[in-house]
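Next up, model.txt (compact mmCIF, C-alpha atoms):
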```
# COMPACT_ATOMS: atom_id res chain seq x y z
CA MET H 21 133.01 45.61 223.01
CA ALA H 22 132.48 48.70 220.99
CA ASP H 23 135.16 50.90 222.45
CA LYS H 24 138.79 50.01 222.68
CA LEU H 25 141.67 51.86 224.24
CA HIS H 26 144.72 52.50 222.14
CA PHE H 27 147.74 51.53 224.21
CA ASN H 28 151.33 52.45 223.39
CA LEU H 29 154.34 51.30 225.35
CA VAL H 30 157.64 52.85 224.35
CA SER H 31 161.10 52.55 225.81
CA PRO H 32 163.99 54.80 224.74
CA GLU H 33 165.27 52.08 222.48
CA ARG H 34 162.09 51.09 220.68
CA GLU H 35 158.34 50.87 220.64
CA LEU H 36 157.40 47.75 222.58
CA MET H 37 153.66 47.61 222.15
CA SER H 38 151.02 49.35 220.15
CA THR H 39 147.61 47.70 220.38
CA GLU H 40 143.94 48.17 221.02
CA VAL H 41 142.89 46.86 224.42
CA ASP H 42 140.00 46.97 226.89
CA GLN H 43 141.72 48.21 229.99
CA VAL H 44 145.18 49.07 231.30
CA ASP H 45 146.14 49.42 234.95
CA ILE H 46 149.18 51.59 235.51
CA PRO H 47 151.14 52.22 238.71
CA GLY H 48 150.86 56.00 239.03
CA ALA H 49 152.97 57.92 241.51
CA GLU H 50 149.87 58.40 243.64
CA GLY H 51 148.44 54.93 243.36
CA MET H 52 147.20 52.49 240.77
CA LEU H 53 145.24 53.95 237.93
CA GLY H 54 142.75 51.94 235.91
CA VAL H 55 142.49 53.35 232.43
CA LEU H 56 139.41 52.58 230.34
CA PRO H 57 138.53 53.96 226.92
CA LYS H 58 137.49 57.63 226.97
CA HIS H 59 139.39 58.38 230.15
CA SER H 60 139.86 62.07 230.78
CA PRO H 61 143.33 63.44 229.89
CA VAL H 62 145.88 62.76 232.62
CA MET H 63 149.62 62.98 232.84
CA THR H 64 151.34 61.13 235.61
CA ILE H 65 154.74 59.93 236.79
CA LEU H 66 155.01 56.17 237.13
CA ALA H 67 156.16 54.40 240.24
CA PRO H 68 158.19 51.23 239.64
CA GLY H 69 155.60 48.53 239.30
CA VAL H 70 153.54 46.36 237.05
CA VAL H 71 151.41 47.54 234.17
CA ARG H 72 148.47 45.22 233.52
CA VAL H 73 147.10 45.20 230.03
CA LYS H 74 143.68 43.58 229.77
CA ASP H 75 142.11 42.60 226.51
CA GLY H 76 139.11 40.27 226.71
CA SER H 77 140.18 37.42 228.94
CA GLU H 78 143.86 37.94 228.23
CA GLU H 79 146.08 39.80 230.63
CA THR H 80 149.64 40.86 229.92
CA ARG H 81 151.80 42.04 232.77
CA ILE H 82 154.79 44.27 232.17
CA PHE H 83 157.19 45.53 234.77
CA VAL H 84 158.12 49.17 234.18
CA ARG H 85 160.60 51.38 235.88
CA GLY H 86 161.13 55.11 235.70
CA GLY H 87 158.81 56.80 233.32
CA PHE H 88 155.50 58.49 232.92
CA ALA H 89 152.17 57.99 231.29
CA GLU H 90 150.00 60.24 229.24
CA ILE H 91 146.32 59.69 228.69
CA SER H 92 144.77 61.67 225.88
CA PRO H 93 141.73 61.12 223.71
CA ALA H 94 144.09 59.38 221.28
CA GLY H 95 144.83 56.72 223.88
CA LEU H 96 147.29 55.83 226.58
CA THR H 97 151.02 56.20 226.10
CA VAL H 98 153.45 54.79 228.63
CA LEU H 99 157.02 56.03 228.37
CA ALA H 100 159.21 53.72 230.42
CA GLU H 101 162.93 53.83 230.80
CA GLU H 102 162.90 50.10 231.34
CA ALA H 103 160.22 47.58 230.58
CA VAL H 104 160.29 43.83 231.08
CA MET H 105 157.54 41.32 230.38
CA VAL H 106 156.70 39.65 233.65
CA LYS H 107 156.36 36.28 231.95
CA ASP H 108 160.00 36.54 230.87
CA LEU H 109 161.12 36.69 234.46
CA ASP H 110 161.78 33.63 236.51
CA ALA H 111 161.89 33.65 240.25
CA ASP H 112 164.88 31.30 240.62
CA GLY H 113 167.10 33.26 238.25
CA LEU H 114 166.17 36.45 240.00
CA ALA H 115 166.94 35.06 243.43
CA ARG H 116 170.31 33.84 242.17
CA ARG H 117 171.21 37.23 240.74
CA ILE H 118 170.19 38.96 243.95
CA LYS H 119 172.45 36.61 245.87
CA ASN H 120 175.32 37.37 243.49
CA CYS H 121 174.91 41.08 244.01
CA GLU H 122 174.78 40.71 247.74
CA GLU H 123 177.97 38.70 247.68
CA ASP H 124 179.61 41.40 245.58
CA LEU H 125 178.60 43.96 248.14
CA SER H 126 179.71 42.01 251.17
CA ASP H 127 183.13 41.42 249.60
CA THR H 128 185.52 43.96 251.09
CA ASP H 129 187.96 44.15 248.20
CA THR H 130 185.37 45.04 245.57
CA LEU H 131 186.21 48.11 243.52
CA PRO H 132 184.01 51.15 244.20
CA GLU H 133 182.84 51.08 240.60
CA THR H 134 181.61 47.48 240.81
CA ARG H 135 180.08 48.17 244.17
CA ARG H 136 178.05 51.04 242.77
CA HIS H 137 176.85 48.87 239.91
CA ALA H 138 175.96 46.02 242.23
CA GLU H 139 174.02 48.35 244.51
CA MET H 140 172.01 49.67 241.60
CA GLU H 141 171.38 46.23 240.18
CA LEU H 142 170.33 44.92 243.56
CA LYS H 143 167.78 47.66 243.94
CA GLN H 144 166.32 46.90 240.54
CA LEU H 145 166.24 43.18 241.16
CA LYS H 146 164.48 43.64 244.49
CA GLU H 147 161.83 45.72 242.75
CA LEU H 148 161.42 43.03 240.14
CA GLN H 149 161.09 40.37 242.79
CA ALA H 150 158.45 42.37 244.54
CA ALA H 151 156.56 42.58 241.28
CA LEU H 152 156.44 38.83 240.83
CA MET K 18 212.61 54.22 186.48
CA PRO K 19 211.40 51.46 188.80
CA SER K 20 212.20 47.92 187.78
CA LEU K 21 209.59 45.40 186.76
CA LYS K 22 209.78 43.72 190.10
CA ASP K 23 209.18 46.99 191.97
CA LEU K 24 206.10 47.66 189.89
CA LYS K 25 204.77 44.19 190.47
CA ASN K 26 205.22 44.60 194.23
CA ARG K 27 203.42 47.90 194.23
CA ILE K 28 200.51 46.52 192.27
CA SER K 29 200.04 43.66 194.69
CA SER K 30 200.29 45.96 197.70
CA VAL K 31 197.66 48.33 196.31
CA LYS K 32 195.49 45.33 195.54
CA SER K 33 195.55 44.16 199.13
CA THR K 34 194.79 47.67 200.36
CA GLN K 35 191.83 47.70 198.02
CA LYS K 36 190.59 44.44 199.51
CA ILE K 37 190.70 45.94 202.99
CA THR K 38 188.88 49.13 202.04
CA LYS K 39 186.28 47.14 200.17
CA ALA K 40 185.66 44.87 203.14
CA LYS K 41 185.42 47.86 205.47
CA GLN K 42 182.96 49.49 203.09
CA MET K 43 180.69 46.47 203.16
CA VAL K 44 180.88 46.18 206.92
CA ALA K 45 179.99 49.85 207.23
CA ALA K 46 177.03 49.42 204.89
CA ALA K 47 175.66 46.58 206.99
CA LYS K 48 176.23 48.45 210.23
CA LEU K 49 174.68 51.58 208.80
CA ARG K 50 171.45 49.76 208.10
CA ARG K 51 171.29 48.53 211.68
CA ALA K 52 172.17 51.95 213.06
CA GLU K 53 169.49 53.60 210.97
CA GLU K 54 166.93 51.08 212.16
CA ARG K 55 167.83 51.73 215.76
CA ALA K 56 167.62 55.46 215.29
CA THR K 57 164.16 55.01 213.80
CA GLU K 58 163.04 52.74 216.60
CA ALA K 59 164.10 55.27 219.18
CA ARG K 60 162.15 58.03 217.53
CA PRO K 61 158.67 57.43 219.06
CA TYR K 62 159.99 57.84 222.59
CA THR K 63 161.82 61.06 221.81
CA GLU K 64 158.85 62.47 219.99
CA ARG K 65 156.41 61.70 222.81
CA MET K 66 158.84 63.12 225.31
CA GLU K 67 159.26 66.31 223.31
CA ALA K 68 155.52 66.72 222.95
CA VAL K 69 154.99 66.34 226.68
CA LEU K 70 157.83 68.68 227.49
CA ALA K 71 156.66 71.32 225.04
CA ASN K 72 153.27 71.08 226.68
CA LEU K 73 154.62 71.47 230.19
CA SER K 74 157.28 74.06 229.57
CA ALA K 75 154.78 76.40 227.95
CA GLY K 76 153.03 76.48 231.33
CA ALA K 77 156.24 76.90 233.28
CA LYS K 78 157.47 79.86 231.25
CA GLY K 79 157.87 82.97 233.33
CA ASN K 80 157.33 81.01 236.49
CA PRO K 81 160.04 82.06 238.98
CA ASN K 82 160.05 78.58 240.48
CA ALA K 83 160.69 76.85 237.17
CA PRO K 84 163.37 74.16 237.49
CA LYS K 85 166.89 75.31 236.79
CA LEU K 86 167.31 72.72 234.06
CA LEU K 87 164.70 74.62 232.10
CA ALA K 88 165.24 78.19 233.20
CA GLY K 89 169.02 78.11 233.56
CA THR K 90 171.13 79.31 236.46
CA GLY K 91 170.69 82.92 235.46
CA LYS K 92 174.25 83.33 234.21
CA GLU K 93 176.38 82.05 231.39
CA GLU K 94 179.79 81.98 232.99
CA THR K 95 180.93 78.40 232.54
CA HIS K 96 180.17 76.35 229.48
CA LEU K 97 180.30 72.61 229.28
CA LEU K 98 180.91 71.11 225.87
CA ILE K 99 180.08 67.46 225.39
CA VAL K 100 181.87 66.35 222.27
CA ALA K 101 180.65 63.02 220.93
CA THR K 102 182.76 61.36 218.27
CA ALA K 103 183.51 57.84 217.09
CA ASP K 104 186.01 55.45 218.65
CA LYS K 105 187.48 54.42 215.35
CA GLY K 106 188.96 56.16 212.37
CA LEU K 107 188.62 55.18 208.72
CA CYS K 108 185.58 57.35 208.34
CA GLY K 109 186.85 60.31 206.37
CA GLY K 110 186.43 63.73 207.90
CA PHE K 111 183.68 62.69 210.29
CA ASN K 112 185.56 63.02 213.58
CA SER K 113 187.59 66.02 212.50
CA SER K 114 184.58 68.02 211.45
CA ILE K 115 182.89 67.55 214.83
CA VAL K 116 186.08 68.46 216.62
CA ARG K 117 186.55 71.49 214.40
CA LEU K 118 183.09 72.76 215.26
CA ALA K 119 183.81 72.28 218.96
CA ARG K 120 187.16 73.99 218.64
CA GLU K 121 185.64 77.01 216.94
CA ARG K 122 183.15 77.25 219.79
CA ILE K 123 185.88 76.98 222.40
CA THR K 124 187.92 79.74 220.77
CA LYS K 125 184.86 81.95 220.58
CA LEU K 126 183.87 81.35 224.20
CA GLN K 127 187.37 81.88 225.46
CA GLY K 128 187.57 85.08 223.46
CA GLU K 129 184.51 86.28 225.35
CA GLY K 130 186.21 85.48 228.62
CA LYS K 131 183.97 82.52 229.48
CA LYS K 132 185.20 79.40 231.19
CA VAL K 133 185.08 76.18 229.20
CA LYS K 134 184.93 72.59 230.34
CA ILE K 135 184.94 69.59 228.05
CA ILE K 136 183.56 66.09 228.24
CA THR K 137 184.67 63.84 225.43
CA VAL K 138 182.68 60.84 224.35
CA GLY K 139 184.54 58.54 222.00
CA ARG K 140 188.25 58.02 221.63
CA LYS K 141 188.95 59.96 218.46
CA GLY K 142 187.57 63.24 219.73
CA ASN K 143 189.54 62.87 222.92
CA ASP K 144 192.75 62.21 220.98
CA GLN K 145 192.31 65.35 218.93
CA LEU K 146 191.15 67.65 221.71
CA LYS K 147 193.65 66.68 224.35
CA ARG K 148 196.49 67.99 222.22
CA LEU K 149 195.16 71.53 222.55
CA TYR K 150 192.86 71.55 225.54
CA ASN K 151 194.06 68.79 227.81
CA GLU K 152 193.54 70.87 230.95
CA LEU K 153 189.92 71.63 230.00
CA ILE K 154 188.81 68.01 229.68
CA VAL K 155 187.01 67.17 232.90
CA TRP K 156 185.76 63.71 232.03
CA LYS K 157 186.04 61.30 229.18
CA THR K 158 184.37 58.11 228.17
CA ASN K 159 184.33 55.81 225.20
CA PHE K 160 182.46 52.78 223.99
CA VAL K 161 185.39 50.68 222.84
CA ASP K 162 184.17 47.77 224.95
CA VAL K 163 180.50 48.32 224.25
CA LYS K 164 179.13 46.34 221.37
CA GLN K 165 175.99 48.33 220.86
CA VAL K 166 175.33 51.72 222.36
CA GLY K 167 172.19 51.49 224.46
CA PHE K 168 170.24 53.78 226.71
CA GLY K 169 172.38 52.68 229.66
CA GLU K 170 175.46 54.38 228.21
CA ALA K 171 173.51 57.54 227.48
CA ARG K 172 172.18 57.58 231.03
CA GLU K 173 175.66 57.21 232.43
CA ILE K 174 176.75 60.36 230.59
CA ALA K 175 173.54 62.14 231.55
CA ASP K 176 174.05 61.24 235.24
CA LYS K 177 177.53 62.68 235.16
CA VAL K 178 176.37 65.87 233.45
CA LEU K 179 173.46 66.28 235.84
CA SER K 180 175.54 65.76 238.95
CA MET K 181 177.99 68.37 237.67
CA PHE K 182 175.10 70.73 237.05
CA GLU K 183 173.72 70.22 240.53
CA ALA K 184 177.16 70.93 241.96
CA GLY K 185 177.11 74.21 240.07
CA GLU K 186 180.11 73.35 237.93
CA PHE K 187 178.68 74.84 234.78
CA ASP K 188 175.80 76.98 233.53
CA VAL K 189 175.28 75.95 229.95
CA ALA K 190 175.80 72.57 228.36
CA THR K 191 176.12 72.03 224.63
CA LEU K 192 176.26 68.72 222.88
CA PHE K 193 178.35 68.23 219.72
CA TYR K 194 177.63 65.34 217.41
CA GLY K 195 177.23 64.39 213.78
CA LYS K 196 173.64 64.68 212.75
CA PHE K 197 172.61 62.02 210.28
CA LYS K 198 170.85 63.61 207.35
CA ASN K 199 171.33 60.92 204.76
CA VAL K 200 174.01 58.55 203.58
CA VAL K 201 176.04 61.25 201.84
CA THR K 202 175.44 64.14 204.24
CA GLN K 203 176.23 64.24 207.92
CA ILE K 204 176.07 67.60 209.60
CA PRO K 205 178.25 68.39 212.61
CA THR K 206 175.76 69.88 215.04
CA ALA K 207 175.91 71.81 218.29
CA GLN K 208 172.83 71.44 220.41
CA GLN K 209 172.18 73.12 223.72
CA ILE K 210 170.78 70.67 226.26
CA ILE K 211 171.00 72.63 229.50
CA PRO K 212 169.06 74.84 230.02
CA ALA K 213 166.65 72.75 227.99
CA VAL K 214 165.33 74.38 224.89
CA ALA K 215 161.77 73.35 224.37
CA PRO K 216 161.38 71.89 220.91
CA GLU K 217 159.41 74.04 218.55
CA GLY K 218 156.82 73.19 216.00
CA ILE K 219 155.20 70.46 218.04
CA VAL K 220 151.47 70.60 218.21
CA ALA K 221 149.88 69.48 221.42
CA PRO K 222 147.36 66.67 220.92
CA ASP K 223 143.80 67.79 220.53
CA LEU K 224 142.06 67.17 223.79
CA GLY K 225 138.61 68.04 222.58
CA GLY K 226 138.19 70.84 225.08
CA ALA K 227 139.34 68.87 228.12
CA ILE K 228 142.33 69.89 230.23
CA TYR K 229 145.13 67.62 231.36
CA GLU K 230 145.05 66.50 234.92
CA TYR K 231 148.48 66.21 236.45
CA GLU K 232 149.54 63.65 239.00
CA PRO K 233 151.27 64.69 241.29
CA ASP K 234 151.32 68.23 239.83
CA GLU K 235 152.83 70.01 236.85
CA GLN K 236 155.89 71.20 238.69
CA ASP K 237 156.74 67.74 240.02
CA ILE K 238 156.33 66.13 236.66
CA LEU K 239 158.54 68.73 235.06
CA THR K 240 161.20 68.18 237.71
CA ALA K 241 161.10 64.44 237.11
CA LEU K 242 160.97 64.81 233.38
CA LEU K 243 163.81 67.22 232.67
CA PRO K 244 166.70 65.01 233.82
CA ARG K 245 165.28 62.24 231.67
CA TYR K 246 165.01 64.60 228.78
CA VAL K 247 168.73 65.28 229.02
CA GLY K 248 169.35 61.53 228.88
CA VAL K 249 167.07 61.11 225.91
CA GLN K 250 168.79 63.93 224.03
CA ILE K 251 172.18 62.39 224.64
CA PHE K 252 170.89 58.99 223.63
CA ARG K 253 169.54 60.35 220.39
CA ALA K 254 172.80 62.13 219.67
CA LEU K 255 174.71 58.90 220.26
CA LEU K 256 172.47 56.95 217.92
CA GLU K 257 172.74 59.59 215.24
CA ASN K 258 176.47 59.63 215.73
CA VAL K 259 176.72 55.88 215.16
CA ALA K 260 174.67 56.13 211.97
CA SER K 261 176.69 59.12 210.76
CA GLU K 262 179.97 57.41 211.51
CA GLN K 263 179.01 54.37 209.48
CA ALA K 264 177.72 56.47 206.62
CA ALA K 265 180.89 58.57 206.57
CA SER K 266 182.97 55.44 206.76
CA MET K 267 181.06 53.87 203.91
CA SER K 268 181.58 56.79 201.54
CA ALA K 269 185.21 57.26 202.57
CA MET K 270 185.90 53.60 201.92
CA ASP K 271 184.03 53.73 198.64
CA ASN K 272 186.31 56.54 197.54
CA ALA K 273 189.38 54.69 198.71
CA THR K 274 188.37 51.56 196.83
CA ARG K 275 187.84 53.54 193.67
CA ASN K 276 191.17 55.34 194.06
CA ALA K 277 192.93 52.04 194.54
CA GLY K 278 191.29 50.75 191.36
CA GLU K 279 192.53 53.75 189.39
CA MET K 280 196.00 53.35 190.81
CA ILE K 281 196.10 49.68 189.86
CA ASP K 282 195.11 50.54 186.30
CA LYS K 283 197.85 53.14 186.04
CA LEU K 284 200.47 50.86 187.52
CA ASN K 285 199.42 48.04 185.19
CA LEU K 286 199.90 50.31 182.21
CA ARG K 287 203.36 51.27 183.40
CA TYR K 288 204.19 47.65 184.09
CA ASN K 289 203.16 46.57 180.58
CA ARG K 290 205.10 49.40 178.98
CA ALA K 291 208.21 48.56 180.94
CA ARG K 292 207.80 44.89 180.03
CA GLN K 293 207.47 45.73 176.35
CA ALA K 294 210.46 48.07 176.47
CA GLN K 295 212.47 45.27 177.98
CA ILE K 296 211.46 42.82 175.27
CA THR K 297 212.30 45.37 172.59
CA THR K 298 215.70 45.97 174.11
CA GLU K 299 216.37 42.24 174.24
CA LEU K 300 215.34 41.80 170.61
CA ILE K 301 217.58 44.66 169.49
CA GLU K 302 220.46 43.11 171.38
CA ILE K 303 219.91 39.71 169.75
CA ILE K 304 219.56 41.19 166.25
CA ALA K 305 222.58 43.42 166.74
CA GLY K 306 224.52 40.37 167.91
CA ALA K 307 223.43 38.32 164.89
CA GLU K 308 224.38 41.12 162.52
CA ALA K 309 227.82 41.43 164.04
CA LEU K 310 228.60 37.82 163.18
```
For this file, produce the structure as structure tokens.
Amino acid sequence: MADKLHFNLVSPERELMSTEVDQVDIPGAEGMLGVLPKHSPVMTILAPGVVRVKDGSEETRIFVRGGFAEISPAGLTVLAEEAVMVKDLDADGLARRIKNCEEDLSDTDTLPETRRHAEMELKQLKELQAAL
Amino acid sequence: MPSLKDLKNRISSVKSTQKITKAKQMVAAAKLRRAEERATEARPYTERMEAVLANLSAGAKGNPNAPKLLAGTGKEETHLLIVATADKGLCGGFNSSIVRLARERITKLQGEGKKVKIITVGRKGNDQLKRLYNELIVWKTNFVDVKQVGFGEAREIADKVLSMFEAGEFDVATLFYGKFKNVVTQIPTAQQIIPAVAPEGIVAPDLGGAIYEYEPDEQDILTALLPRYVGVQIFRALLENVASEQAASMSAMDNATRNAGEMIDKLNLRYNRARQAQITTELIEIIAGAEAL
């Protein structure tokens, strides 16, 4: 392959990825977007979902949440508030954590603070589960 | 004239103080390196964000429908000051200088008849400000239980600030923190975050004649982006604050260790003199006694 796409993935805390790849699929706010080298400049908000990074026969999947992507001639930059490698997730652990949160919520004597946290976590976990 | 025993006690007490300051200095040096690394790692995100925002806000300028976070509420009646300091002392004038800057601003704003509200981040700033402005502090938080300040903490503060803004509780928000210039210099800084000031001096990437396509559209992206920008600004301030705190702590402790060393030298000299004087006195007594026989 002659042309490669420069792909950057950054979270607020650090730069997670900076490589040359063949193709990246990103979950744009208005649907999936397949980005190939020499894509025209686009700026889009990301929906929570999975970014697929394809290089040759390899495919890396990363779950991102809250962020946006910028495609310029220099390459594709994804700014994500949260990013988790899908291969680092395991379905059982996720299911267990979801159950924990739900128990927290169904408990009547939970403090409002914990309840708020649990609600937020549950939402995130559900999104993660859907991504798997 | 203190006795020999008194001097000996003082020397040993200064010595143990020196051990503490030396240990604290080394801890601060190690933490500073980590804090600097983290600040550097966070930089790409902030830079990209600023570039995108600069790009978008140029288009939104003069637009009557521009989001309030960018354009402001149209008045400057109530000011919110977010004062970020450290949770711990032993870092020289670091906390005080941030608080002083905030206090000067408060006095100035109050002199102009504006209303002031304060959010304190970090225990030390809260301790110092509540003495004078307890009734102005609307919210406080600290990271005593947090091992490492992450984006989550910054977002929590940002959420609070944004919900206050949406409720119309203030018009202008300014963030106070210690900007990390280098190990010896930390600059107390006041930075306006709402309405957002588009960063200057950022060159938009060269698109080779093409124009950005926006999905959904420019306005929507800007609306989604600005609240995040507030979070990112706060996050960066927190990271800089951590680095500054450690740097200030390191140099303060370095000074203290050196002072303790000087003090030990002086006390040792006095101790030796006193010891010699005592021996001389004893000798004179013995000789005088022998002569009397």
**OP:** Go ahead and find all residues with at least one atom no further than 12 Å from (136.3, 39.3, 227.2) in the file's coordinates, using all atoms listed in the file; report them as a PyMOL selection string.
**Re:** chain H and resi 21-22+24+41-43+74-79
Select, as a compact mmCIF listing (two decimals) with C-alpha atoms, keeping the file's coordinate frame, those residues of chain H with any atom no more than 6 Å from chain K (distances computed using all atoms listed in the file).
```txt
# COMPACT_ATOMS: atom_id res chain seq x y z
CA VAL H 30 157.64 52.85 224.35
CA PRO H 32 163.99 54.80 224.74
CA GLU H 33 165.27 52.08 222.48
CA ARG H 34 162.09 51.09 220.68
CA PRO H 61 143.33 63.44 229.89
CA VAL H 62 145.88 62.76 232.62
CA MET H 63 149.62 62.98 232.84
CA THR H 64 151.34 61.13 235.61
```
Subject >> Contacts of K:Asn276 within 12 Å, only C-alpha atoms, excl. fewer than 2 positions in-chain, as a ChimeraX atom specification >> reply: /K:31-32,34-35,38-39,269-274,278-283
**OP:** Write out as a VMD selection string which residues come within 8 Å of stretch 38-40 of chain H when counting only C-alpha atoms, dropping same-chain ones fewer than 5 positions away.
**Re:** chain H and resid 24 to 29
**OP:** List every protein, DNA or RNA residue that has at least one atom no more than 12 Å from (174.2, 49.8, 205.6) in the file's coordinates, counting only C-alpha atoms, and write the result as a list in words.
**Re:** Lys41, Gln42, Met43, Val44, Ala45, Ala46, Ala47, Lys48, Leu49, Arg50, Arg51, Ala52, Glu53, Glu54, Asn199, Val200, Val259, Ala260, Ser261, Glu262, Gln263, Ala264, Ala265, Ser266, Met267 and Ser268 of chain K
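Here atom CA of K:Ala40 stands at a distance of 15.8 Å from atom CA of K:Gly109.
Distances from K:Ile296, K:Ala68, K:His96, K:Tyr150 to H:Glu90 were compared using only C-alpha atoms, and the smallest one belongs to K:Ala68.
Using all atoms listed in the file, the nearest neighbour of H:Pro68 within the list H:Leu36, H:Ala103, H:Ala94, H:Ala111 is H:Ala103.
The space separating atom CA of K:Leu255 from atom CA of H:Gln144 comes to 25.0 Å.
Closest to K:Thr240 among H:Val55, H:Ile65, H:Ala100, H:Leu145 is H:Ile65, based on all atoms listed in the file.
The closest residue to H:Met52, picked from H:Leu114, H:Ala67, H:Asp23, H:Ser126 and counting only C-alpha atoms, is H:Ala67.
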For stretch 244-299 of chain K, write C-alpha atoms out as a PDB file, in the first residue's frame.
```pdb
ATOM      1  CA  PRO K 244     -18.353  22.679  27.882  1.00  0.00           C
ATOM      2  CA  ARG K 245     -15.546  20.217  27.253  1.00  0.00           C
ATOM      3  CA  TYR K 246     -13.163  23.053  26.702  1.00  0.00           C
ATOM      4  CA  VAL K 247     -13.980  24.367  30.169  1.00  0.00           C
ATOM      5  CA  GLY K 248     -13.181  20.928  31.573  1.00  0.00           C
ATOM      6  CA  VAL K 249      -9.931  20.735  29.671  1.00  0.00           C
ATOM      7  CA  GLN K 250      -8.865  24.167  30.891  1.00  0.00           C
ATOM      8  CA  ILE K 251      -9.560  23.216  34.473  1.00  0.00           C
ATOM      9  CA  PHE K 252      -7.748  19.929  34.014  1.00  0.00           C
ATOM     10  CA  ARG K 253      -4.707  21.675  32.657  1.00  0.00           C
ATOM     11  CA  ALA K 254      -4.748  24.161  35.513  1.00  0.00           C
ATOM     12  CA  LEU K 255      -4.908  21.307  38.014  1.00  0.00           C
ATOM     13  CA  LEU K 256      -1.981  19.525  36.425  1.00  0.00           C
ATOM     14  CA  GLU K 257       0.075  22.684  36.325  1.00  0.00           C
ATOM     15  CA  ASN K 258      -0.851  23.325  39.915  1.00  0.00           C
ATOM     16  CA  VAL K 259       0.414  19.917  40.999  1.00  0.00           C
ATOM     17  CA  ALA K 260       3.707  20.453  39.192  1.00  0.00           C
ATOM     18  CA  SER K 261       4.053  23.968  40.620  1.00  0.00           C
ATOM     19  CA  GLU K 262       3.277  22.791  44.120  1.00  0.00           C
ATOM     20  CA  GLN K 263       5.961  20.137  43.990  1.00  0.00           C
ATOM     21  CA  ALA K 264       8.487  22.530  42.499  1.00  0.00           C
ATOM     22  CA  ALA K 265       7.747  25.151  45.147  1.00  0.00           C
ATOM     23  CA  SER K 266       7.924  22.512  47.822  1.00  0.00           C
ATOM     24  CA  MET K 267      11.240  21.273  46.518  1.00  0.00           C
ATOM     25  CA  SER K 268      12.908  24.678  46.578  1.00  0.00           C
ATOM     26  CA  ALA K 269      11.377  25.599  49.938  1.00  0.00           C
ATOM     27  CA  MET K 270      12.651  22.370  51.440  1.00  0.00           C
ATOM     28  CA  ASP K 271      16.037  22.842  49.840  1.00  0.00           C
ATOM     29  CA  ASN K 272      16.288  26.216  51.552  1.00  0.00           C
ATOM     30  CA  ALA K 273      15.147  24.776  54.846  1.00  0.00           C
ATOM     31  CA  THR K 274      17.708  21.990  54.665  1.00  0.00           C
ATOM     32  CA  ARG K 275      20.460  24.475  53.974  1.00  0.00           C
ATOM     33  CA  ASN K 276      19.325  26.749  56.801  1.00  0.00           C
ATOM     34  CA  ALA K 277      19.304  23.828  59.177  1.00  0.00           C
ATOM     35  CA  GLY K 278      22.851  22.966  58.104  1.00  0.00           C
ATOM     36  CA  GLU K 279      24.026  26.502  58.825  1.00  0.00           C
ATOM     37  CA  MET K 280      22.305  26.478  62.177  1.00  0.00           C
ATOM     38  CA  ILE K 281      23.942  23.189  63.131  1.00  0.00           C
ATOM     39  CA  ASP K 282      27.361  24.600  62.248  1.00  0.00           C
ATOM     40  CA  LYS K 283      26.767  27.672  64.391  1.00  0.00           C
ATOM     41  CA  LEU K 284      25.466  25.666  67.314  1.00  0.00           C
ATOM     42  CA  ASN K 285      28.419  23.271  67.070  1.00  0.00           C
ATOM     43  CA  LEU K 286      30.814  26.187  67.283  1.00  0.00           C
ATOM     44  CA  ARG K 287      29.053  27.513  70.353  1.00  0.00           C
ATOM     45  CA  TYR K 288      28.998  24.056  71.874  1.00  0.00           C
ATOM     46  CA  ASN K 289      32.749  23.582  71.370  1.00  0.00           C
ATOM     47  CA  ARG K 290      33.515  27.015  72.785  1.00  0.00           C
ATOM     48  CA  ALA K 291      31.405  26.376  75.840  1.00  0.00           C
ATOM     49  CA  ARG K 292      33.058  22.982  76.296  1.00  0.00           C
ATOM     50  CA  GLN K 293      36.519  24.527  76.072  1.00  0.00           C
ATOM     51  CA  ALA K 294      35.583  27.311  78.485  1.00  0.00           C
ATOM     52  CA  GLN K 295      34.422  24.686  80.914  1.00  0.00           C
ATOM     53  CA  ILE K 296      37.665  22.739  80.657  1.00  0.00           C
ATOM     54  CA  THR K 297      39.666  25.925  81.142  1.00  0.00           C
ATOM     55  CA  THR K 298      37.663  26.816  84.211  1.00  0.00           C
ATOM     56  CA  GLU K 299      38.192  23.349  85.643  1.00  0.00           C
TER      57      GLU K 299
END
```
